[in-house]
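Student: Okay, so here is structure00.cif, and as you'll see once you scroll down, it has mmCIF, C-alpha atoms and all ligand atoms.
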data_query
loop_
_atom_site.label_atom_id
_atom_site.label_comp_id
_atom_site.auth_asym_id
_atom_site.auth_seq_id
_atom_site.Cartn_x
_atom_site.Cartn_y
_atom_site.Cartn_z
CA MET A 1 46.91 -0.63 -41.25
CA THR A 2 43.49 0.91 -42.03
CA ARG A 3 43.03 4.56 -43.05
CA PHE A 4 41.59 5.15 -39.56
CA ASP A 5 44.70 3.68 -37.92
CA GLU A 6 46.92 5.79 -40.20
CA LEU A 7 45.09 9.00 -39.24
CA ILE A 8 45.32 8.17 -35.51
CA ALA A 9 49.01 7.24 -35.78
CA ALA A 10 49.70 10.50 -37.66
CA ASP A 11 47.88 12.46 -34.92
CA GLU A 12 45.39 13.70 -37.50
CA ARG A 13 41.69 14.33 -37.00
CA ILE A 14 38.94 11.79 -37.67
CA GLU A 15 36.00 13.55 -39.34
CA PRO A 16 32.36 12.40 -39.53
CA ARG A 17 32.77 11.20 -43.12
CA ASP A 18 35.77 8.98 -42.22
CA ARG A 19 35.28 5.25 -41.69
CA MET A 20 35.77 4.46 -38.02
CA PRO A 21 35.55 1.36 -35.78
CA ASP A 22 32.05 0.97 -34.22
CA ALA A 23 33.68 0.90 -30.78
CA TYR A 24 35.39 4.26 -31.44
CA ARG A 25 32.03 5.74 -32.47
CA ARG A 26 30.28 4.18 -29.45
CA THR A 27 32.75 5.49 -26.87
CA LEU A 28 32.63 8.97 -28.41
CA VAL A 29 28.82 8.97 -28.28
CA ARG A 30 29.02 7.82 -24.65
CA GLN A 31 31.55 10.48 -23.61
CA ILE A 32 30.17 13.40 -25.65
CA ALA A 33 26.59 12.67 -24.58
CA GLN A 34 27.68 12.46 -20.93
CA HIS A 35 29.57 15.71 -21.35
CA ALA A 36 26.53 17.42 -22.91
CA HIS A 37 24.19 16.06 -20.23
CA SER A 38 26.60 17.37 -17.58
CA GLU A 39 26.46 20.87 -19.03
CA ILE A 40 22.65 20.87 -19.04
CA ILE A 41 22.20 19.36 -15.57
CA GLY A 42 25.09 21.57 -14.43
CA MET A 43 22.86 24.65 -14.84
CA GLN A 44 20.73 23.58 -11.86
CA PRO A 45 23.04 23.95 -8.83
CA GLU A 46 23.90 27.58 -9.64
CA GLY A 47 20.64 28.39 -11.45
CA ARG A 48 18.77 28.47 -8.17
CA TRP A 49 20.89 31.46 -7.09
CA ILE A 50 20.10 33.68 -10.12
CA THR A 51 17.02 35.16 -8.37
CA ARG A 52 18.91 35.50 -5.08
CA ALA A 53 22.22 36.97 -6.25
CA PRO A 54 23.43 39.65 -3.78
CA SER A 55 23.81 42.38 -6.44
CA LEU A 56 22.80 43.19 -10.00
CA LYS A 57 26.42 42.72 -11.09
CA ARG A 58 26.58 39.21 -9.57
CA LYS A 59 23.18 38.36 -11.07
CA ALA A 60 24.36 39.44 -14.55
CA ILE A 61 27.57 37.40 -14.25
CA LEU A 62 25.70 34.32 -13.04
CA LEU A 63 23.05 34.65 -15.78
CA ALA A 64 25.81 34.81 -18.41
CA LYS A 65 27.54 31.76 -16.95
CA VAL A 66 24.44 29.57 -16.72
CA GLN A 67 23.47 30.62 -20.25
CA ASP A 68 26.97 29.60 -21.41
CA GLU A 69 26.49 26.13 -19.90
CA ALA A 70 23.28 25.70 -21.91
CA GLY A 71 25.19 26.70 -25.03
CA HIS A 72 27.97 24.22 -24.23
CA GLY A 73 25.36 21.50 -23.97
CA LEU A 74 23.97 22.42 -27.41
CA TYR A 75 27.45 22.46 -29.04
CA LEU A 76 28.11 19.01 -27.57
CA TYR A 77 24.75 17.52 -28.61
CA GLY A 78 25.58 18.92 -32.06
CA ALA A 79 28.99 17.18 -31.96
CA ALA A 80 27.32 13.93 -30.86
CA GLU A 81 24.83 14.14 -33.77
CA THR A 82 27.73 14.08 -36.25
CA LEU A 83 28.19 10.47 -35.09
CA GLY A 84 24.74 9.54 -36.36
CA VAL A 85 22.80 9.72 -33.09
CA ASP A 86 19.62 11.69 -32.51
CA ARG A 87 19.58 14.38 -29.79
CA ASP A 88 16.09 13.33 -28.66
CA ASP A 89 17.33 9.76 -28.12
CA LEU A 90 20.24 11.04 -26.03
CA LEU A 91 17.87 13.10 -23.88
CA ASP A 92 15.56 10.09 -23.47
CA ALA A 93 18.60 8.07 -22.33
CA LEU A 94 19.47 10.77 -19.77
CA HIS A 95 15.87 11.04 -18.52
CA GLU A 96 15.59 7.25 -18.21
CA GLY A 97 18.92 6.96 -16.38
CA ARG A 98 20.55 5.01 -19.24
CA GLN A 99 23.22 7.68 -19.75
CA ARG A 100 25.26 9.49 -17.15
CA TYR A 101 26.08 13.07 -16.26
CA SER A 102 28.97 14.21 -14.10
CA SER A 103 28.73 13.18 -10.44
CA ILE A 104 29.67 16.70 -9.34
CA PHE A 105 26.23 18.11 -10.12
CA ASN A 106 24.55 15.91 -7.53
CA TYR A 107 25.68 18.14 -4.67
CA PRO A 108 23.60 20.95 -3.09
CA THR A 109 24.29 24.69 -3.14
CA PRO A 110 23.05 25.89 0.27
CA THR A 111 24.83 29.30 0.24
CA TRP A 112 25.91 32.01 -2.20
CA ALA A 113 29.53 30.98 -1.58
CA ASP A 114 28.75 27.64 -3.30
CA VAL A 115 28.38 29.60 -6.55
CA GLY A 116 31.97 30.79 -6.08
CA ALA A 117 33.20 27.33 -5.13
CA ILE A 118 31.58 25.85 -8.24
CA GLY A 119 33.23 28.45 -10.49
CA TRP A 120 36.66 28.05 -8.91
CA LEU A 121 36.66 24.28 -8.34
CA VAL A 122 34.17 22.70 -10.77
CA ASP A 123 34.88 24.96 -13.74
CA GLY A 124 38.55 24.91 -12.78
CA ALA A 125 38.55 21.10 -12.93
CA ALA A 126 36.54 21.22 -16.16
CA ILE A 127 39.23 23.41 -17.78
CA VAL A 128 42.03 21.03 -16.74
CA ASN A 129 40.02 18.14 -18.20
CA GLN A 130 38.82 19.97 -21.32
CA VAL A 131 42.00 21.68 -22.58
CA PRO A 132 43.56 18.31 -23.60
CA LEU A 133 40.23 17.43 -25.27
CA CYS A 134 40.90 20.31 -27.72
CA ARG A 135 43.45 17.83 -29.16
CA CYS A 136 41.02 14.91 -29.20
CA SER A 137 41.26 12.78 -32.36
CA TYR A 138 37.58 13.33 -33.24
CA GLY A 139 37.33 16.66 -35.08
CA PRO A 140 33.85 17.92 -34.12
CA TYR A 141 34.47 17.21 -30.40
CA ALA A 142 37.91 18.88 -30.41
CA ARG A 143 36.53 21.97 -32.17
CA ALA A 144 33.61 22.26 -29.74
CA MET A 145 36.15 22.14 -26.90
CA VAL A 146 38.15 25.09 -28.24
CA ARG A 147 35.18 27.43 -27.93
CA ILE A 148 33.97 25.91 -24.65
CA CYS A 149 37.39 26.31 -23.02
CA LYS A 150 37.46 30.02 -23.86
CA GLU A 151 34.17 30.56 -22.02
CA GLU A 152 35.15 28.18 -19.19
CA SER A 153 38.08 30.42 -18.21
CA PHE A 154 35.60 33.28 -17.56
CA HIS A 155 33.58 30.83 -15.40
CA GLN A 156 36.59 29.89 -13.32
CA ARG A 157 37.77 33.51 -12.90
CA GLN A 158 34.39 34.81 -11.77
CA GLY A 159 34.19 32.02 -9.18
CA PHE A 160 37.68 32.76 -7.89
CA GLU A 161 36.88 36.49 -7.65
CA LEU A 162 33.58 35.82 -5.86
CA LEU A 163 35.36 33.63 -3.27
CA HIS A 164 38.18 36.16 -2.89
CA THR A 165 35.61 38.88 -2.11
CA LEU A 166 33.93 36.73 0.54
CA ALA A 167 37.17 35.40 2.00
CA HIS A 168 38.39 38.97 2.53
CA GLY A 169 35.02 40.21 3.83
CA THR A 170 33.47 39.84 7.26
CA PRO A 171 34.32 36.80 9.44
CA ALA A 172 30.87 35.38 8.60
CA GLN A 173 31.57 35.77 4.86
CA HIS A 174 35.00 34.16 5.25
CA ARG A 175 33.41 31.25 7.11
CA MET A 176 30.75 30.84 4.38
CA ALA A 177 33.49 30.70 1.71
CA GLN A 178 35.57 28.22 3.73
CA GLU A 179 32.58 25.92 4.28
CA ALA A 180 31.69 25.99 0.56
CA VAL A 181 35.27 25.03 -0.40
CA GLU A 182 35.07 22.15 2.10
CA ARG A 183 31.83 20.96 0.46
CA TRP A 184 33.13 21.05 -3.13
CA TYR A 185 36.84 20.19 -2.89
CA TRP A 186 36.73 16.38 -2.73
CA PRO A 187 33.78 15.95 -5.17
CA SER A 188 35.65 18.18 -7.70
CA LEU A 189 38.60 15.74 -7.60
CA MET A 190 36.18 12.95 -8.51
CA MET A 191 35.24 14.79 -11.73
CA PHE A 192 38.42 13.38 -13.30
CA GLY A 193 37.05 9.85 -13.03
CA PRO A 194 38.06 6.83 -10.93
CA PRO A 195 41.71 6.01 -10.17
CA ASP A 196 43.60 4.88 -13.28
CA GLU A 197 43.65 1.27 -12.16
CA GLU A 198 39.82 1.29 -12.02
CA SER A 199 39.28 3.20 -15.28
CA THR A 200 37.45 0.99 -17.75
CA HIS A 201 37.89 3.25 -20.79
CA SER A 202 41.21 5.06 -20.33
CA ALA A 203 43.55 2.60 -22.05
CA GLN A 204 41.47 2.38 -25.22
CA SER A 205 40.55 6.10 -25.16
CA MET A 206 44.24 6.98 -24.91
CA ALA A 207 45.15 4.56 -27.72
CA TRP A 208 42.56 6.34 -29.88
CA LYS A 209 43.86 9.75 -28.69
CA ILE A 210 40.45 10.72 -27.35
CA LYS A 211 41.95 10.97 -23.88
CA ARG A 212 45.43 12.55 -23.89
CA HIS A 213 46.22 12.14 -20.17
CA SER A 214 45.11 9.66 -17.54
CA ASN A 215 42.50 10.48 -14.87
CA ASP A 216 45.11 10.57 -12.09
CA GLU A 217 47.52 12.71 -14.12
CA LEU A 218 44.91 15.43 -14.71
CA ARG A 219 43.68 15.18 -11.10
CA GLN A 220 47.25 15.77 -9.88
CA ARG A 221 47.65 18.71 -12.30
CA PHE A 222 44.47 20.23 -10.82
CA ILE A 223 45.60 19.79 -7.21
CA ASP A 224 49.01 21.32 -8.00
CA MET A 225 47.19 24.34 -9.48
CA LEU A 226 44.73 24.69 -6.58
CA VAL A 227 47.13 24.86 -3.64
CA PRO A 228 48.82 28.19 -4.52
CA GLN A 229 45.43 29.64 -5.55
CA SER A 230 43.92 28.67 -2.18
CA GLU A 231 46.76 30.55 -0.48
CA VAL A 232 45.91 33.71 -2.47
CA LEU A 233 42.27 33.23 -1.48
CA GLY A 234 43.20 32.77 2.17
CA LEU A 235 41.07 29.63 2.28
CA ARG A 236 42.16 26.18 3.47
CA LEU A 237 41.75 23.08 1.27
CA PRO A 238 40.20 20.34 3.46
CA ASP A 239 43.07 17.83 3.07
CA PRO A 240 45.51 17.78 6.02
CA GLU A 241 47.86 15.52 4.02
CA LEU A 242 48.46 18.11 1.29
CA ARG A 243 52.18 18.87 1.16
CA TRP A 244 54.73 19.64 -1.55
CA ASN A 245 56.88 16.67 -2.52
CA ALA A 246 60.01 18.14 -4.11
CA GLU A 247 61.11 14.71 -5.30
CA ARG A 248 57.88 14.16 -7.25
CA GLY A 249 57.47 17.82 -8.15
CA HIS A 250 53.82 17.54 -7.10
CA TYR A 251 51.66 17.87 -4.00
CA ASP A 252 51.07 14.68 -2.06
CA HIS A 253 47.44 14.45 -0.98
CA GLY A 254 45.08 12.42 1.14
CA GLU A 255 42.97 9.45 0.03
CA ILE A 256 39.80 10.21 -1.98
CA ASP A 257 36.66 8.46 -0.68
CA TRP A 258 35.90 6.33 -3.76
CA SER A 259 32.96 4.71 -1.98
CA GLU A 260 31.25 8.15 -2.09
CA PHE A 261 32.05 8.37 -5.83
CA ARG A 262 30.54 4.92 -6.45
CA ARG A 263 27.48 5.81 -4.33
CA VAL A 264 26.85 9.02 -6.29
CA LEU A 265 27.33 7.20 -9.62
CA ALA A 266 24.83 4.57 -8.46
CA GLY A 267 22.27 7.34 -8.00
CA ASP A 268 22.61 7.75 -4.24
CA GLY A 269 24.12 11.25 -4.10
CA PRO A 270 22.55 14.15 -2.16
CA CYS A 271 20.65 15.55 -5.17
CA ASN A 272 20.48 12.83 -7.85
CA ALA A 273 16.69 12.38 -7.73
CA GLU A 274 16.04 16.15 -7.55
CA ARG A 275 18.33 16.89 -10.53
CA LEU A 276 16.73 14.30 -12.81
CA ALA A 277 13.17 15.20 -11.75
CA HIS A 278 13.86 18.87 -12.47
CA ARG A 279 15.37 17.96 -15.86
CA ARG A 280 12.44 15.74 -16.87
CA ASN A 281 9.99 18.43 -15.79
CA ALA A 282 11.84 21.14 -17.75
CA HIS A 283 11.79 18.87 -20.82
CA GLU A 284 8.06 18.29 -20.55
CA GLU A 285 7.27 21.94 -19.88
CA GLY A 286 9.43 22.94 -22.86
CA ALA A 287 7.66 20.63 -25.34
CA TRP A 288 5.49 23.48 -26.66
CA VAL A 289 8.60 25.56 -27.47
CA ARG A 290 10.10 22.69 -29.48
CA GLU A 291 6.79 22.11 -31.30
CA ALA A 292 6.42 25.82 -32.10
CA ALA A 293 10.00 26.04 -33.37
CA ALA A 294 9.47 22.95 -35.56
CA ALA A 295 6.18 24.33 -36.94
CA TYR A 296 7.84 27.65 -37.68
CA ALA A 297 10.74 25.90 -39.44
CA ARG A 298 8.28 23.84 -41.54
CA ARG A 299 6.37 27.00 -42.53
CA LYS A 300 9.59 28.82 -43.42
CA GLN A 301 10.66 25.73 -45.39
CA GLY A 302 7.28 25.77 -47.16
CA GLU A 303 7.71 29.43 -48.05
CA ILE A 304 11.16 28.74 -49.47
CA SER A 305 10.31 25.55 -51.43
N1 LIG B 401 30.71 11.36 -13.11
C1 LIG B 401 29.95 10.37 -13.64
N2 LIG B 401 30.47 9.26 -14.24
C2 LIG B 401 31.81 9.18 -14.30
C3 LIG B 401 32.67 10.17 -13.79
C4 LIG B 401 32.05 11.30 -13.17
N3 LIG B 401 32.77 12.27 -12.63
N4 LIG B 401 33.95 9.79 -14.01
C5 LIG B 401 33.88 8.60 -14.64
N5 LIG B 401 32.61 8.23 -14.80
C6 LIG B 401 32.13 6.95 -15.35
C7 LIG B 401 32.48 6.76 -16.80
O1 LIG B 401 31.46 7.29 -17.64
C8 LIG B 401 32.55 5.23 -16.87
O2 LIG B 401 31.24 4.74 -16.77
P1 LIG B 401 30.46 4.10 -18.02
O3 LIG B 401 31.38 3.14 -18.68
O4 LIG B 401 29.26 3.48 -17.41
O5 LIG B 401 30.15 5.29 -18.89
C9 LIG B 401 33.17 4.86 -15.54
O6 LIG B 401 32.86 5.93 -14.65
C10 LIG B 401 34.66 4.59 -15.61
O7 LIG B 401 35.33 5.81 -15.85
P2 LIG B 401 36.43 5.92 -16.99
O8 LIG B 401 37.61 6.65 -16.45
O9 LIG B 401 36.68 4.58 -17.60
O10 LIG B 401 35.61 6.79 -18.03
P3 LIG B 401 36.16 7.84 -19.10
O11 LIG B 401 37.34 7.29 -19.84
O12 LIG B 401 34.98 8.27 -19.87
O13 LIG B 401 36.73 9.06 -18.21
C11 LIG B 401 35.95 11.33 -17.83
C12 LIG B 401 35.82 9.85 -17.43
C13 LIG B 401 37.34 11.80 -17.46
C14 LIG B 401 34.88 12.15 -17.11
C15 LIG B 401 35.76 11.44 -19.36
O14 LIG B 401 34.53 10.85 -19.69
C16 LIG B 401 35.77 12.86 -19.87
O15 LIG B 401 36.82 13.46 -19.99
N6 LIG B 401 34.57 13.39 -20.23
C17 LIG B 401 34.49 14.71 -20.83
C18 LIG B 401 34.45 15.79 -19.79
C19 LIG B 401 33.20 15.73 -18.96
O16 LIG B 401 32.30 15.00 -19.20
N7 LIG B 401 33.16 16.55 -17.92
C20 LIG B 401 32.00 16.53 -17.05
C21 LIG B 401 31.84 17.83 -16.41
S1 LIG B 401 31.24 19.03 -17.55
C22 LIG B 401 31.44 20.39 -16.69
O17 LIG B 401 32.06 20.39 -15.69
C23 LIG B 401 30.82 21.61 -17.24
C24 LIG B 401 31.41 22.88 -16.65
O18 LIG B 401 30.93 23.93 -17.45
C25 LIG B 401 30.96 23.08 -15.25
#
For this file, produce the structure as structure tokens.
Ligand code: 3HC
Tutor:
Amino acid sequence: MTRFDELIAADERIEPRDRMPDAYRRTLVRQIAQHAHSEIIGMQPEGRWITRAPSLKRKAILLAKVQDEAGHGLYLYGAAETLGVDRDDLLDALHEGRQRYSSIFNYPTPTWADVGAIGWLVDGAAIVNQVPLCRCSYGPYARAMVRICKEESFHQRQGFELLHTLAHGTPAQHRMAQEAVERWYWPSLMMFGPPDEESTHSAQSMAWKIKRHSNDELRQRFIDMLVPQSEVLGLRLPDPELRWNAERGHYDHGEIDWSEFRRVLAGDGPCNAERLAHRRNAHEEGAWVREAAAAYARRKQGEIS
């Protein structure tokens, strides 16, 4: 048994200096990069509502949330770099479509209620997926998750509160909230990945204690959490087959449309092209900031040395 195998078997952390199988390193780079890309692209759907928020309070909350997502992306690119990859190469891979970001961010946000649905459903799903990652075997990733999860709970709560306000407002506001939940419910279930039997990485990721629970297990945990919350909101989840199964101790639910999931992953979602074009454009427009920061760092370095 190698030192790596001993550490994994003992449920201890693998640190950057530890010897690790290339495949372990590769799957961590893949997952952490995808996670970081998701945070950065994930700023777009809500970001468009910052200038249109209905009050100064809502604008301040949304600004803080979107800024947090940028920070999460930076923590995660930092965690990926401990594996010997270069952040610029990861961004090139995203811009050239060679690396993924979460399917959920390829959906539009036509109303203010979508901002609430994203907080409640997307950040809610992210928390269910990310809390187990705080116990991931790779140290830098697990530690980044601890801080991200703390901020994620604020994201989920502000979304829930925004929807609750609308759902208990005028009939038009209630309708807007209900329609947003119908737009985001099924895509948020897809955030947990394909069904276990179609998951290419789960078995190995669970053996390496990167993934602590299967895709379907976390998806079920999320659904079980959502149903009582939707009742408090007074909003209906768009699945007529949702019902408590006392024998299973979980909610039974309807079939997820995996053909939609595969379509969005193949680049044919409602906003895929728009999201990547916006990202590439932001990267190009931001080149001068990166150059200025690098020049400043060189000058400071020169002053010190
Ligand atoms: N979107 C895009 N691709 C997805 C996906 C999704 N929702 N779910 C799975 N995939 C891809 C996988 O990357 C893999 O493709 P690849 O081999 O070409 O990379 C394929 O589908 C098969 O899926 P697997 O189940 O085998 O893949 P994983 O073992 O990686 O499990 C995962 C998928 C559960 C998403 C896992 O990667 C994970 O836990 N990632 C970390 C969390 C994350 O990335 N969350 C994204 C949202 S971030 C967010 O919500 C920010 C919040 O602030 C809003």
Student: Rank A:His164, A:Arg135, A:His95, A:Arg299 by their smallest atom-to-atom distance to A:Asn272, using all atoms listed in the file, and report the top residue only.
Tutor: A:His95
Student: Counting all atoms listed in the file, what is within 12 Å of A:Pro228, bar same-chain residues fewer than 5 positions away, as a PyMOL selection string?
Tutor: chain A and resi 222-223+233-237+242-244+251
Student: Per residue of chain A within 6 Å of ligand LIG 401 (chain B), what are the shortest atom pair and its distance in Å to one decimal, counting only C-alpha atoms and all ligand atoms, with rows by chain and residue number, as CSV?
Tutor:
residue,atom,partner,partner_atom,distance
A:Gln31,CA,B:LIG401,O14,4.9
A:Gln34,CA,B:LIG401,O16,5.5
A:His35,CA,B:LIG401,O16,3.5
A:Ser38,CA,B:LIG401,S1,4.9
A:Glu39,CA,B:LIG401,C23,4.8
A:Glu69,CA,B:LIG401,O18,5.5
A:Arg100,CA,B:LIG401,C1,5.9
A:Tyr101,CA,B:LIG401,C1,5.4
A:Ser102,CA,B:LIG401,N1,3.5
A:Ser103,CA,B:LIG401,N1,3.8
A:Val122,CA,B:LIG401,C25,5.5
A:Asp123,CA,B:LIG401,C25,4.6
A:Ala126,CA,B:LIG401,O17,4.6
A:Asn129,CA,B:LIG401,O15,5.9
A:Met190,CA,B:LIG401,N3,5.4
A:Met191,CA,B:LIG401,N3,3.6
A:Phe192,CA,B:LIG401,C13,4.6
A:Gly193,CA,B:LIG401,N4,3.3
A:Pro194,CA,B:LIG401,O8,5.5
A:Ser199,CA,B:LIG401,O9,3.7
A:Thr200,CA,B:LIG401,O9,3.7
A:His201,CA,B:LIG401,O9,3.7
A:Ser202,CA,B:LIG401,O11,4.5
A:Asn215,CA,B:LIG401,C13,5.9
A:Leu265,CA,B:LIG401,C1,5.8
Student: Could you check the closest approach to A:Gln130 for each of A:Cys149, A:Cys271, A:Leu218, A:Ala207 and tell me which residue wins, using all atoms listed in the file?
Tutor: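 Among the listed residues, the smallest separation from A:Gln130 belongs to A:Cys149.
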Student: Counting all atoms listed in the file, figure out which residue out of A:Arg87, A:Arg157, A:Glu152, A:Ala172 gets nearest to A:Val131.
Tutor: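 Between A:Arg87, A:Arg157, A:Glu152, A:Ala172, the residue approaching A:Val131 most closely is A:Glu152.
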Student: Between atom CA of A:Gln229 and atom CA of A:Leu166, what is the distance in Å, rounded to a tenth?
Tutor: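 Going from atom CA of A:Gln229 over to atom CA of A:Leu166 covers 14.8 Å.
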Student: Skipping near chain neighbours, those fewer than 2 positions away, what residues fall within 12 Å of A:Tyr141 using only C-alpha atoms, listed as an MDAnalysis selection string?
Tutor: chainID A and resid 13:16 25 28:29 31:33 35:36 72:73 75:83 130:139 143:148 210:211
Student: Save out the residues we just selected, C-alpha atoms, as a PDB file, in the coordinates of the input.
Tutor:
ATOM      1  CA  ARG A  13      41.690  14.330 -37.000  1.00  0.00           C
ATOM      2  CA  ILE A  14      38.940  11.790 -37.670  1.00  0.00           C
ATOM      3  CA  GLU A  15      36.000  13.550 -39.340  1.00  0.00           C
ATOM      4  CA  PRO A  16      32.360  12.400 -39.530  1.00  0.00           C
ATOM      5  CA  ARG A  25      32.030   5.740 -32.470  1.00  0.00           C
ATOM      6  CA  LEU A  28      32.630   8.970 -28.410  1.00  0.00           C
ATOM      7  CA  VAL A  29      28.820   8.970 -28.280  1.00  0.00           C
ATOM      8  CA  GLN A  31      31.550  10.480 -23.610  1.00  0.00           C
ATOM      9  CA  ILE A  32      30.170  13.400 -25.650  1.00  0.00           C
ATOM     10  CA  ALA A  33      26.590  12.670 -24.580  1.00  0.00           C
ATOM     11  CA  HIS A  35      29.570  15.710 -21.350  1.00  0.00           C
ATOM     12  CA  ALA A  36      26.530  17.420 -22.910  1.00  0.00           C
ATOM     13  CA  HIS A  72      27.970  24.220 -24.230  1.00  0.00           C
ATOM     14  CA  GLY A  73      25.360  21.500 -23.970  1.00  0.00           C
ATOM     15  CA  TYR A  75      27.450  22.460 -29.040  1.00  0.00           C
ATOM     16  CA  LEU A  76      28.110  19.010 -27.570  1.00  0.00           C
ATOM     17  CA  TYR A  77      24.750  17.520 -28.610  1.00  0.00           C
ATOM     18  CA  GLY A  78      25.580  18.920 -32.060  1.00  0.00           C
ATOM     19  CA  ALA A  79      28.990  17.180 -31.960  1.00  0.00           C
ATOM     20  CA  ALA A  80      27.320  13.930 -30.860  1.00  0.00           C
ATOM     21  CA  GLU A  81      24.830  14.140 -33.770  1.00  0.00           C
ATOM     22  CA  THR A  82      27.730  14.080 -36.250  1.00  0.00           C
ATOM     23  CA  LEU A  83      28.190  10.470 -35.090  1.00  0.00           C
ATOM     24  CA  GLN A 130      38.820  19.970 -21.320  1.00  0.00           C
ATOM     25  CA  VAL A 131      42.000  21.680 -22.580  1.00  0.00           C
ATOM     26  CA  PRO A 132      43.560  18.310 -23.600  1.00  0.00           C
ATOM     27  CA  LEU A 133      40.230  17.430 -25.270  1.00  0.00           C
ATOM     28  CA  CYS A 134      40.900  20.310 -27.720  1.00  0.00           C
ATOM     29  CA  ARG A 135      43.450  17.830 -29.160  1.00  0.00           C
ATOM     30  CA  CYS A 136      41.020  14.910 -29.200  1.00  0.00           C
ATOM     31  CA  SER A 137      41.260  12.780 -32.360  1.00  0.00           C
ATOM     32  CA  TYR A 138      37.580  13.330 -33.240  1.00  0.00           C
ATOM     33  CA  GLY A 139      37.330  16.660 -35.080  1.00  0.00           C
ATOM     34  CA  ARG A 143      36.530  21.970 -32.170  1.00  0.00           C
ATOM     35  CA  ALA A 144      33.610  22.260 -29.740  1.00  0.00           C
ATOM     36  CA  MET A 145      36.150  22.140 -26.900  1.00  0.00           C
ATOM     37  CA  VAL A 146      38.150  25.090 -28.240  1.00  0.00           C
ATOM     38  CA  ARG A 147      35.180  27.430 -27.930  1.00  0.00           C
ATOM     39  CA  ILE A 148      33.970  25.910 -24.650  1.00  0.00           C
ATOM     40  CA  ILE A 210      40.450  10.720 -27.350  1.00  0.00           C
ATOM     41  CA  LYS A 211      41.950  10.970 -23.880  1.00  0.00           C
TER      42      LYS A 211
END
Student: I need the residue nearest A:Trp184 from this list: A:Ala117, A:Ile8, A:Ala273, A:Leu226. Use only C-alpha atoms for the distance.
Tutor: A:Ala117
Student: Which one is closest to A:Arg290: A:Glu46, A:Asp5, A:Glu151, A:Asp88? Count only C-alpha atoms.
Tutor: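 That would be A:Asp88, the residue with the smallest distance to A:Arg290.
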Student: Expressed in Å to a single decimal, how great is the separation between atom CA of A:Glu179 and atom CA of A:Pro110?
Tutor: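 Straight-line distance from atom CA of A:Glu179 to atom CA of A:Pro110 works out to 10.3 Å.
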Student: Could you jot down the atom CA of A:Val289 to atom CA of A:Leu91 separation for me, Å, one decimal place?
Tutor: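 Computing it gives 15.9 Å between the two atoms.
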Student: Leaving out A:Ala277 and any residue of its chain fewer than 3 positions from it, which residues lie within 12 Å of it when counting all atoms listed in the file, given as a ChimeraX atom specification?
Tutor: /A:41,44,94-97,271-274,280-284
Student: Could you give me the axis-aligned bounding box of stretch 185-191 of chain A, with 5 Å of padding per side, as centre plus edge lengths in Å to one decimal, as AutoDock Vina command-line options?
Tutor:
--center_x 36.2 --center_y 16.6 --center_z -7.2 --size_x 14.8 --size_y 17.2 --size_z 19.0
